[in-house]
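K.L.:
Got a structure for you, upload30.cif, holding mmCIF, C-alpha atoms.
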```cif
data_data
#
loop_
_atom_site.label_atom_id
_atom_site.label_comp_id
_atom_site.auth_asym_id
_atom_site.auth_seq_id
_atom_site.Cartn_x
_atom_site.Cartn_y
_atom_site.Cartn_z
CA MET A 191 17.80 85.78 -5.90
CA ASN A 192 16.26 88.49 -3.75
CA GLU A 193 18.03 91.21 -1.82
CA LEU A 194 17.95 89.21 1.41
CA ASP A 195 19.85 86.32 -0.17
CA ASN A 196 22.25 88.78 -1.74
CA ILE A 197 23.07 90.18 1.67
CA ARG A 198 23.39 86.72 3.19
CA ASN A 199 25.71 85.54 0.45
CA SER A 200 27.80 88.69 0.22
CA GLY A 201 29.96 87.80 3.23
CA MET A 202 29.18 91.20 4.72
CA LEU A 203 27.40 89.77 7.76
CA GLU A 204 30.42 87.63 8.60
CA GLN A 205 32.76 90.61 8.22
CA TYR A 206 30.37 92.69 10.31
CA VAL A 207 30.41 90.25 13.22
CA LEU A 208 34.19 89.93 13.03
CA GLY A 209 34.52 93.71 13.04
CA LEU A 210 36.29 93.78 9.71
CA LEU A 211 34.05 96.37 8.04
CA SER A 212 34.65 100.09 7.75
CA LYS A 213 32.33 102.29 9.80
CA LYS A 214 30.36 103.12 6.66
CA ASP A 215 29.80 99.49 5.68
CA ALA A 216 29.02 98.49 9.26
CA ASP A 217 26.32 101.18 9.37
CA LYS A 218 24.93 99.78 6.14
CA VAL A 219 24.72 96.27 7.64
CA GLU A 220 23.00 97.64 10.74
CA ALA A 221 20.44 99.32 8.52
CA TYR A 222 19.83 96.02 6.71
CA ILE A 223 19.33 94.23 10.01
CA GLN A 224 16.76 96.85 11.00
CA GLN A 225 15.03 96.46 7.65
CA TYR A 226 15.07 92.64 7.62
CA PRO A 227 14.66 91.16 11.10
CA GLU A 228 15.30 87.71 9.55
CA LEU A 229 18.96 88.70 9.30
CA GLN A 230 19.17 88.95 13.07
CA GLN A 231 19.01 85.16 13.42
CA HIS A 232 21.71 84.80 10.78
CA VAL A 233 23.93 87.29 12.57
CA ARG A 234 23.22 85.55 15.87
CA GLU A 235 24.41 82.24 14.40
CA ILE A 236 27.66 83.79 13.18
CA GLU A 237 28.15 85.35 16.62
CA GLU A 238 27.64 81.99 18.32
CA VAL A 239 30.27 80.45 16.07
CA MET A 240 32.75 83.25 16.75
CA GLU A 241 32.11 83.05 20.48
CA MET A 242 32.82 79.34 20.34
CA VAL A 243 35.98 79.89 18.28
CA LEU A 244 37.26 82.48 20.76
CA GLN A 245 36.36 80.36 23.78
CA GLU A 246 38.12 77.38 22.22
CA ASN A 247 41.19 79.54 21.74
CA SER A 248 41.16 80.93 25.28
CA ILE A 249 44.41 81.57 27.05
CA GLN A 250 44.17 82.20 30.79
CA PRO A 251 45.68 85.57 31.74
CA PRO A 252 47.87 85.62 34.87
CA SER A 253 45.66 85.39 37.95
CA HIS A 254 46.80 88.71 39.52
CA LEU A 255 45.30 90.53 36.54
CA LYS A 256 41.74 90.03 37.76
CA ASP A 257 42.24 92.05 40.95
CA GLN A 258 44.03 94.69 38.96
CA VAL A 259 41.13 94.93 36.52
CA LEU A 260 38.51 95.03 39.27
CA SER A 261 40.33 97.70 41.27
CA SER A 262 40.93 99.87 38.20
CA VAL A 263 37.25 99.49 37.41
CA ASP A 264 36.54 100.75 40.92
CA GLN A 265 38.65 103.84 40.40
CA SER A 266 36.94 104.60 37.13
CA THR A 267 33.53 104.53 38.80
CA PRO A 268 32.13 107.49 40.68
CA PRO A 269 31.05 106.05 44.05
CA THR A 270 27.56 107.48 43.72
CA LYS A 271 25.91 104.43 42.30
CA VAL A 272 24.67 101.86 44.75
CA VAL A 273 25.67 98.29 44.22
CA ARG A 274 22.63 96.13 44.34
CA ASN A 275 21.91 94.31 47.56
CA ASN A 276 23.44 90.85 47.42
CA ALA A 277 20.40 89.31 49.10
CA PHE A 278 18.37 89.97 45.99
CA ASN A 279 21.24 89.49 43.66
CA PHE A 280 20.96 85.81 42.91
CA SER A 281 22.37 84.22 39.81
CA PRO A 282 19.96 82.14 37.71
CA MET A 283 22.62 79.49 37.16
CA PRO A 284 21.84 77.25 40.19
CA ILE A 285 18.15 77.37 39.30
CA LEU A 286 18.91 76.50 35.71
CA ALA A 287 21.16 73.66 36.84
CA ALA A 288 18.48 72.34 39.18
CA ALA A 289 15.88 72.62 36.42
CA ALA A 290 18.19 70.78 34.06
CA ALA A 291 18.75 68.04 36.64
CA ILE A 292 15.02 67.67 37.28
CA GLY A 293 14.44 67.67 33.53
CA LEU A 294 17.00 64.94 33.13
CA VAL A 295 15.39 62.82 35.85
CA ILE A 296 11.94 63.26 34.29
CA LEU A 297 13.37 62.49 30.90
CA SER A 298 15.09 59.34 32.08
CA PHE A 299 11.97 58.24 33.97
CA SER A 300 9.87 58.73 30.88
CA PHE A 301 12.45 56.84 28.84
CA PHE A 302 12.35 54.11 31.46
CA THR A 303 8.56 53.71 31.51
CA ARG A 304 8.38 54.00 27.77
CA ASN A 305 11.08 51.41 27.43
CA SER A 306 9.30 49.02 29.81
CA ASP A 307 6.11 49.42 27.77
CA LEU A 308 7.99 48.80 24.58
CA SER A 309 9.74 45.74 26.03
CA ALA A 310 6.40 44.23 27.03
CA GLN A 311 4.89 45.02 23.66
CA TYR A 312 7.94 43.60 21.97
CA ALA A 313 7.77 40.34 23.96
CA SER A 314 4.07 39.92 23.19
CA LEU A 315 4.65 40.62 19.49
CA GLU A 316 7.51 38.17 19.49
CA ASN A 317 5.28 35.46 20.98
CA ARG A 318 2.55 36.15 18.46
CA TYR A 319 5.09 36.08 15.67
CA GLU A 320 6.42 32.70 16.83
CA ASP A 321 2.90 31.26 17.06
CA LEU A 322 2.12 32.58 13.62
CA GLN A 323 5.33 31.20 12.23
CA ALA A 324 4.65 27.75 13.70
CA ALA A 325 1.09 27.79 12.33
CA CYS A 326 2.33 28.82 8.92
CA GLN A 327 4.95 26.10 8.86
CA LYS A 328 2.34 23.51 9.82
CA GLU A 329 -0.07 24.72 7.14
CA GLN A 330 2.69 24.75 4.60
CA ALA A 331 3.74 21.19 5.44
CA ILE A 332 0.13 19.99 5.07
CA ALA A 333 -0.32 21.86 1.80
CA GLN A 334 2.93 20.42 0.46
CA SER A 335 1.99 16.83 1.28
CA GLU A 336 -1.52 17.31 -0.14
CA ARG A 337 -0.09 18.82 -3.28
CA ALA A 338 2.43 15.96 -3.62
CA LEU A 339 -0.38 13.41 -3.32
CA LEU A 340 -2.60 15.24 -5.83
CA MET A 341 0.24 15.56 -8.36
CA ASP A 342 1.27 11.92 -8.01
CA VAL A 343 0.29 9.89 -11.14
CA THR A 344 -0.21 6.78 -9.03
CA THR A 345 -2.98 8.52 -7.07
CA GLU A 346 -6.42 7.29 -8.01
CA ASN A 347 -9.21 9.80 -8.08
CA VAL A 348 -12.38 8.08 -6.95
CA ILE A 349 -15.54 9.93 -7.79
CA LEU A 350 -18.28 9.55 -5.19
CA ASN A 351 -21.75 10.00 -6.64
CA ALA A 352 -24.95 10.12 -4.67
CA ALA A 353 -26.09 6.63 -3.71
CA GLN A 354 -29.74 7.55 -3.09
CA PRO A 355 -32.24 6.21 -5.63
CA GLY A 356 -33.11 8.74 -8.31
CA ASN A 357 -30.09 10.93 -7.54
CA THR A 358 -27.14 8.75 -8.64
CA SER A 359 -25.69 11.22 -11.07
CA ALA A 360 -25.05 13.96 -8.43
CA LEU A 361 -21.30 14.41 -7.72
CA PHE A 362 -20.83 14.56 -3.96
CA ALA A 363 -17.09 14.15 -3.40
CA ILE A 364 -13.76 13.02 -4.85
CA VAL A 365 -11.42 10.75 -2.94
CA HIS A 366 -7.72 10.82 -3.82
CA TYR A 367 -6.46 7.39 -2.93
CA ASN A 368 -2.83 6.25 -3.16
CA GLU A 369 -1.91 2.67 -2.22
CA GLU A 370 1.85 3.26 -2.53
CA ARG A 371 1.95 6.29 -0.31
CA GLY A 372 -0.68 4.88 2.06
CA GLU A 373 -2.53 8.17 1.99
CA VAL A 374 -6.04 9.26 1.25
CA LEU A 375 -7.66 12.67 0.87
CA LEU A 376 -11.33 13.49 0.74
CA GLN A 377 -12.37 16.49 -1.32
CA ASN A 378 -15.89 17.59 -0.43
CA ILE A 379 -17.47 18.81 -3.64
CA ASN A 380 -21.10 19.09 -2.74
CA LEU A 381 -22.21 16.86 0.13
CA PRO A 382 -25.61 18.07 1.36
CA GLU A 383 -25.73 19.57 4.87
CA PRO A 384 -26.16 16.57 7.26
CA PRO A 385 -29.42 16.45 9.29
CA ASP A 386 -29.36 17.54 12.92
CA LYS A 387 -27.23 15.33 15.22
CA LYS A 388 -25.96 13.35 12.24
CA GLN A 389 -22.51 13.27 10.66
CA TYR A 390 -21.02 11.77 7.52
CA GLN A 391 -18.54 8.93 7.93
CA MET A 392 -16.27 7.39 5.29
CA TRP A 393 -15.66 3.64 4.86
CA ALA A 394 -13.48 1.44 2.68
CA ASP A 395 -15.05 -1.72 1.29
CA VAL A 396 -12.34 -4.37 1.72
CA GLU A 397 -13.48 -7.82 0.61
CA GLY A 398 -17.06 -7.04 1.53
CA GLU A 399 -16.26 -5.54 4.91
CA MET A 400 -16.74 -1.82 5.66
CA VAL A 401 -13.56 -0.49 7.34
CA ASN A 402 -13.72 2.88 9.12
CA MET A 403 -11.80 5.74 7.43
CA GLY A 404 -12.99 8.44 9.85
CA VAL A 405 -15.79 10.94 10.24
CA VAL A 406 -16.15 13.80 7.79
CA ASP A 407 -16.10 17.34 9.14
CA LEU A 408 -15.79 19.43 6.10
CA THR A 409 -17.37 22.38 4.41
CA PRO A 410 -17.90 22.06 0.66
CA ASN A 411 -14.76 22.55 -1.50
CA ALA A 412 -12.36 21.76 1.37
CA ILE A 413 -9.92 18.84 1.60
CA GLN A 414 -9.55 16.48 4.56
CA LYS A 415 -6.94 13.82 5.20
CA MET A 416 -8.67 10.53 6.08
CA THR A 417 -7.40 7.30 7.67
CA PHE A 418 -5.83 5.14 4.97
CA VAL A 419 -7.16 1.62 4.49
CA ALA A 420 -5.28 -0.65 2.06
CA HIS A 421 -6.90 -2.71 -0.70
CA ALA A 422 -10.15 -0.76 -0.78
CA GLU A 423 -12.48 -1.86 -3.57
CA SER A 424 -14.84 1.04 -3.11
CA ILE A 425 -15.16 4.13 -0.95
CA ASN A 426 -18.46 4.85 0.74
CA ILE A 427 -20.00 7.57 2.82
CA THR A 428 -22.81 6.86 5.28
CA LEU A 429 -24.79 9.08 7.59
CA GLU A 430 -24.07 8.21 11.22
CA PRO A 431 -24.91 9.70 14.62
CA LEU A 432 -22.74 12.62 15.66
CA GLY A 433 -19.22 11.34 16.52
CA GLY A 434 -19.43 8.37 14.15
CA SER A 435 -20.17 4.64 14.54
CA GLU A 436 -18.06 1.52 15.03
CA GLU A 437 -19.79 -0.17 12.15
CA ALA A 438 -21.26 1.28 9.06
CA THR A 439 -25.02 1.74 8.91
CA VAL A 440 -25.22 0.62 5.29
CA ALA A 441 -28.87 1.56 5.04
CA THR A 442 -27.84 5.22 5.27
CA LEU A 443 -25.32 5.02 2.41
CA GLN A 444 -25.10 8.48 0.87
CA ALA A 445 -22.35 8.25 -1.71
CA SER A 446 -20.18 5.59 -3.20
CA GLY A 447 -17.44 5.16 -5.79
CA LYS A 448 -15.36 2.27 -7.07
CA VAL A 449 -11.56 2.36 -6.69
CA MET B 260 18.25 87.12 23.84
CA ARG B 261 19.28 84.74 26.57
CA THR B 262 18.05 85.77 29.97
CA ASP B 263 21.39 85.23 31.72
CA GLN B 264 22.89 87.74 29.31
CA GLN B 265 20.10 90.25 29.90
CA ASP B 266 20.64 89.80 33.59
CA ILE B 267 24.36 90.47 33.52
CA ILE B 268 23.91 93.50 31.26
CA ALA B 269 21.35 94.96 33.64
CA ARG B 270 23.70 94.39 36.55
CA LEU B 271 26.65 95.94 34.71
CA GLN B 272 24.52 98.95 33.89
CA ALA B 273 23.70 99.19 37.59
CA LYS B 274 27.50 99.16 38.18
CA ASP B 275 27.40 95.88 40.06
CA LYS B 276 31.03 94.91 40.61
CA GLN B 277 30.13 91.28 41.21
CA ALA B 278 28.72 91.20 37.67
CA MET B 279 32.06 92.52 36.42
CA SER B 280 33.83 89.75 38.28
CA GLU B 281 31.57 87.13 36.64
CA LEU B 282 32.09 88.73 33.25
CA TYR B 283 35.82 88.56 33.77
CA ASP B 284 35.69 84.89 34.81
CA ASN B 285 33.63 83.97 31.77
CA TYR B 286 35.37 85.95 29.07
CA SER B 287 38.88 87.05 30.10
CA GLY B 288 40.43 83.86 28.70
CA ALA B 289 38.74 84.23 25.33
CA LEU B 290 39.68 87.92 25.07
CA TYR B 291 43.24 87.34 26.29
CA GLY B 292 43.67 84.57 23.70
CA LEU B 293 42.63 87.05 21.03
CA LEU B 294 44.81 89.88 22.37
CA LEU B 295 47.89 87.71 22.72
CA ARG B 296 47.53 86.46 19.17
CA LEU B 297 47.06 90.01 17.92
CA THR B 298 49.96 91.58 19.85
CA LYS B 299 52.26 88.58 20.24
CA GLU B 300 53.51 90.25 23.41
CA GLU B 301 52.32 89.25 26.87
CA GLY B 302 52.84 92.58 28.61
CA MET B 303 50.97 94.48 25.95
CA ALA B 304 48.20 91.90 25.85
CA GLN B 305 47.71 92.20 29.62
CA ASP B 306 47.56 95.99 29.47
CA LEU B 307 45.08 95.75 26.63
CA LEU B 308 42.93 93.24 28.50
CA GLN B 309 42.71 95.62 31.43
CA GLU B 310 41.93 98.53 29.13
CA THR B 311 39.23 96.46 27.41
CA PHE B 312 37.44 95.64 30.67
CA ILE B 313 37.61 99.27 31.80
CA LYS B 314 36.00 100.32 28.52
CA ILE B 315 33.29 97.65 28.89
CA TRP B 316 32.57 98.94 32.39
CA LYS B 317 32.52 102.57 31.28
CA TYR B 318 30.59 102.18 28.05
CA ILE B 319 28.11 99.41 28.92
CA ASP B 320 25.27 101.93 28.46
CA ARG B 321 26.28 102.28 24.81
CA TYR B 322 25.89 98.56 24.21
CA ASP B 323 22.89 97.95 21.94
CA ALA B 324 21.53 94.39 22.07
CA ALA B 325 19.76 94.91 18.74
CA LYS B 326 23.14 95.17 17.03
CA GLY B 327 24.63 91.99 18.40
CA SER B 328 25.54 89.92 21.41
CA LEU B 329 27.41 91.25 24.42
CA PHE B 330 30.36 89.03 23.67
CA THR B 331 30.63 90.24 20.08
CA TRP B 332 30.63 93.80 21.38
CA MET B 333 33.31 92.99 23.96
CA ALA B 334 35.51 91.20 21.45
CA ARG B 335 35.16 94.13 19.06
CA ILE B 336 36.31 96.55 21.79
CA ALA B 337 39.28 94.31 22.57
CA ARG B 338 40.26 93.93 18.95
CA ASN B 339 39.90 97.61 18.05
CA THR B 340 41.77 98.72 21.16
CA ALA B 341 44.60 96.36 20.26
CA LEU B 342 44.71 97.38 16.60
CA ASN B 343 44.80 101.08 17.49
CA THR B 344 47.59 100.56 20.00
CA LEU B 345 49.60 98.44 17.60
CA GLN B 346 49.09 100.94 14.83
CA SER B 347 50.34 103.90 16.86
CA LYS B 348 53.26 101.90 18.28
CA SER B 349 54.25 100.73 14.88
CA ASN B 350 54.08 104.25 13.52
CA ARG B 351 56.15 105.61 16.40
CA GLN B 352 58.79 102.94 16.01
CA GLN B 353 59.02 103.36 12.31
CA GLN B 354 59.33 107.11 12.70
CA SER B 355 61.90 107.12 15.48
CA LEU B 356 64.11 104.10 15.09
CA ARG B 357 65.10 103.86 11.51
CA PRO B 358 64.74 105.20 8.06
CA ILE B 359 61.76 103.62 6.37
CA THR B 360 61.87 101.92 3.05
CA ASN B 361 58.72 101.39 1.03
CA GLU B 362 59.03 97.67 1.52
CA GLU B 363 59.09 98.01 5.29
CA THR B 364 55.98 100.16 5.54
CA ASP B 365 54.06 97.32 3.93
CA LYS B 366 55.20 94.93 6.61
CA THR B 367 53.30 97.00 9.21
CA PHE B 368 53.08 96.13 12.87
CA LEU B 369 52.80 92.42 12.25
CA GLU B 370 56.55 92.02 12.52
CA TYR B 371 56.44 93.45 16.05
CA THR B 372 56.74 90.42 18.28
CA ASN B 373 58.14 88.66 21.27
CA VAL B 374 55.66 85.74 21.44
CA ASN B 375 55.86 83.25 18.62
CA LYS B 376 52.74 82.82 16.56
CA ILE B 377 50.13 80.89 18.56
CA GLY B 378 48.30 78.31 16.46
CA LEU B 379 44.52 78.05 16.50
CA LYS B 380 42.77 75.25 18.36
CA GLY B 381 39.34 73.65 18.40
CA LEU B 382 36.88 73.51 15.51
CA VAL B 383 38.62 76.23 13.54
CA ALA B 384 41.72 74.02 13.41
CA GLN B 385 39.59 71.29 11.83
CA LEU B 386 38.84 73.44 8.80
CA ASP B 387 40.63 73.08 5.52
CA GLU B 388 43.80 75.15 5.87
CA LYS B 389 42.82 77.65 3.19
CA TYR B 390 39.77 78.59 5.27
CA SER B 391 41.37 78.56 8.72
CA THR B 392 44.24 80.69 7.42
CA VAL B 393 41.84 83.44 6.32
CA ILE B 394 40.22 83.52 9.78
CA ASP B 395 43.62 83.45 11.45
CA LEU B 396 45.06 86.29 9.39
CA ALA B 397 41.97 88.49 9.21
CA TYR B 398 40.76 88.14 12.76
CA PHE B 399 43.47 86.82 15.05
CA GLN B 400 46.42 88.52 13.41
CA GLY B 401 44.73 91.71 12.35
CA TYR B 402 45.72 91.66 8.69
CA THR B 403 43.65 93.97 6.53
CA GLN B 404 41.89 92.32 3.64
CA LYS B 405 44.35 94.00 1.29
CA GLU B 406 47.25 92.53 3.28
CA ILE B 407 45.72 89.06 3.08
CA GLU B 408 45.26 89.53 -0.64
CA ASP B 409 48.98 90.26 -0.98
CA HIS B 410 50.14 87.69 1.53
CA LEU B 411 48.18 84.75 0.09
CA ASN B 412 48.27 86.09 -3.44
CA ILE B 413 44.51 85.67 -3.94
CA PRO B 414 41.99 88.27 -5.12
CA LEU B 415 39.94 90.23 -2.59
CA GLY B 416 36.69 88.51 -3.66
CA THR B 417 38.22 85.16 -2.79
CA VAL B 418 39.32 86.44 0.62
CA LYS B 419 35.74 87.46 1.35
CA SER B 420 34.16 84.27 0.09
CA ARG B 421 36.67 82.09 1.96
CA LEU B 422 35.84 83.96 5.13
CA ARG B 423 32.13 83.36 4.55
CA ILE B 424 32.61 79.67 3.74
CA ALA B 425 34.91 79.27 6.75
CA LEU B 426 32.19 80.57 9.09
CA ARG B 427 29.50 78.51 7.42
CA GLN B 428 31.57 75.36 7.82
CA LEU B 429 32.29 76.25 11.43
CA ARG B 430 28.54 76.58 11.94
CA LYS B 431 28.02 73.10 10.56
CA LEU B 432 30.75 71.66 12.78
CA PHE B 433 29.25 73.56 15.72
CA ASP B 434 25.74 72.21 15.03
CA TYR B 435 27.16 68.73 14.60
CA GLU B 436 28.92 69.01 17.95
CA GLN B 437 25.71 70.25 19.61
CA LYS B 438 23.84 67.26 18.17
CA LEU B 439 26.48 64.88 19.47
CA ILE B 440 26.19 66.47 22.90
CA SER B 441 22.40 66.06 22.97
CA ILE B 442 22.73 62.45 21.83
CA LEU B 443 25.25 61.91 24.62
CA ILE B 444 22.84 63.43 27.14
CA CYS B 445 20.11 61.08 25.92
CA LEU B 446 22.49 58.13 26.17
CA VAL B 447 23.43 59.15 29.71
CA ALA B 448 19.71 59.48 30.55
CA CYS B 449 19.07 56.02 29.12
CA GLY B 450 22.11 54.69 30.94
CA LEU B 451 20.84 55.98 34.27
CA TRP B 452 18.49 53.05 34.61
#
```
Could you quickly redo this structure as structure tokens?

P.N.:
Amino acid sequence: MNELDNIRNSGMLEQYVLGLLSKKDADKVEAYIQQYPELQQHVREIEEVMEMVLQENSIQPPSHLKDQVLSSVDQSTPPTKVVRNNAFNFSPMPILAAAAAIGLVILSFSFFTRNSDLSAQYASLENRYEDLQAACQKEQAIAQSERALLMDVTTENVILNAAQPGNTSALFAIVHYNEERGEVLLQNINLPEPPDKKQYQMWADVEGEMVNMGVVDLTPNAIQKMTFVAHAESINITLEPLGGSEEATVATLQASGKV
Amino acid sequence: MRTDQQDIIARLQAKDKQAMSELYDNYSGALYGLLLRLTKEEGMAQDLLQETFIKIWKYIDRYDAAKGSLFTWMARIARNTALNTLQSKSNRQQQSLRPITNEETDKTFLEYTNVNKIGLKGLVAQLDEKYSTVIDLAYFQGYTQKEIEDHLNIPLGTVKSRLRIALRQLRKLFDYEQKLISILICLVACGLW
């Protein structure tokens, strides 16, 4: 602990402000204050507290006392000194009050504009949050149903290999087909990029007839829910004009797998 | 230092009577509260208040802002004037009215009264009693530290440390109150629209 802390903690400063010290000790404190200007702030704080304590414990003296005090002050003053001209003798209080009022208005205006900004930002964030929440819930629902289908033991996994001559061993896609649930998912493993203005389309072979299961718009390794067709014997993918065809162009068969 | 204080000091030094009137309006209540608690006698407290303001008026040139605030200086004048008066009155009474026993000399002027003890109000009344009592006795009732030591039966070191803690706690309460006030101002500002 240094000397400054020692002085602060000694209680001397408090006794000094309260006037409880002997002349000798008070002189000592005044010397310390001169030596350490930091103490001035400390003393000032104690003074503020004591001023507040005394103001809070005010008792109004009888009103006639004021005139008595002012007139006795008059008598004790030699009339040589000139009282300052009242025209130049303005109190700073009205100016301070006006400044405070203006400050308050500016402050409240700035609070107001800031608050309007924040309200708008808040509303926009709230909208975005709701959109995001809805999107998340939708995604989650899809993921859950896909997962349920994939985990289901009654789901058949139909492997679609390339149907082109000389390339029949290439794995193009897997179809997850479930008769009981009436659901079907296509998992694009490695379908080649379709030629310009062409699109893949999936078909179910039901008793020799190709029934439309929908066009494929998938990047590799993604999963797409397709239109379910019951009693499929095989699943086939053809290459059709962009937007798909009513009937399968069997000549363009790309991949096929037996259910 | 605050500019309003600098202003009033300058005006007092220029013997501006209007400044004296303002000073009286702002501080007579606080000083009278102190004097009445010290003397416990209204007539004496009023005389002392008048004497205090005359001294302030006369000696304003001796006031040194580096040593403390104007109010601290004024309160010190009031308190010292009162203590000196009480001391000499007490001595006179004890010498003239009755034979003095050793026990009675220890009682000092504090027994001299016609106003019952006035309790303390405000933040100081919110303090733990052991702290507010020390402020009350030492400052408002003019006990010496030795007298407090005897009266409360605590060692002098404890008197001093309680006084210090009392003022530190008052500072905290004061700061807390200031914070509340600024929060209130903000709330009012927000409420305006």

K.L.:
What's the separation between atom CA of Ala422 of chain A and atom CA of Asn347 of chain A, in Å to one decimal place?

P.N.:
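Spanning atom CA of Ala422 of chain A to atom CA of Asn347 of chain A is a straight-line distance of 12.9 Å.
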
K.L.:
Dump as a PyMOL selection string all residues having an atom at most 10 Å from (-16.3, 0.6, 1.5), computed in the file's coordinates with all atoms listed in the file.

P.N.:
chain A and resi 392-403+419+422-428+438+440+446-449

K.L.:
Starting from the displayed file, determine the output of the PyMOL selection byres ((chain B) within 6 of (chain A)) and express the residue list as a short mmCIF file (atom, residue, chain, number, x, y, z; two decimals) with C-alpha atoms, in the coordinates of the input.

P.N.:
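The result, stored in result27.cif:
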```
data_model
loop_
_atom_site.label_atom_id
_atom_site.label_comp_id
_atom_site.auth_asym_id
_atom_site.auth_seq_id
_atom_site.Cartn_x
_atom_site.Cartn_y
_atom_site.Cartn_z
CA ASP B 275 27.40 95.88 40.06
CA GLY B 288 40.43 83.86 28.70
CA ALA B 289 38.74 84.23 25.33
CA TYR B 291 43.24 87.34 26.29
CA GLY B 292 43.67 84.57 23.70
CA GLN B 309 42.71 95.62 31.43
CA ILE B 313 37.61 99.27 31.80
CA LYS B 380 42.77 75.25 18.36
CA GLY B 381 39.34 73.65 18.40
CA ARG B 423 32.13 83.36 4.55
CA ARG B 430 28.54 76.58 11.94
CA ALA B 448 19.71 59.48 30.55
CA CYS B 449 19.07 56.02 29.12
#
```

K.L.:
Please measure the separation of atom CA of Leu308 of chain B and atom CA of Ser287 of chain B, giving the value in Å to one decimal.

P.N.:
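If I compute the distance from atom CA of Leu308 of chain B to atom CA of Ser287 of chain B, I get 7.6 Å.
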
K.L.:
Identify all residues satisfying the PyMOL selection byres ((chain A and resi 373-383) around 10) in the given file; provide them as a PyMOL selection string.

P.N.:
chain A and resi 335-336+339-340+345-352+360-372+384-386+388-390+392+403+406-420+427+444-445

K.L.:
Starting from the point (39.4, 82.1, -1.8), work out which residues of protein, DNA or RNA have an atom no more than 12 Å away when counting all atoms listed in the file; state them as a PyMOL selection string.

P.N.:
chain B and resi 387-394+404+407-408+411-425
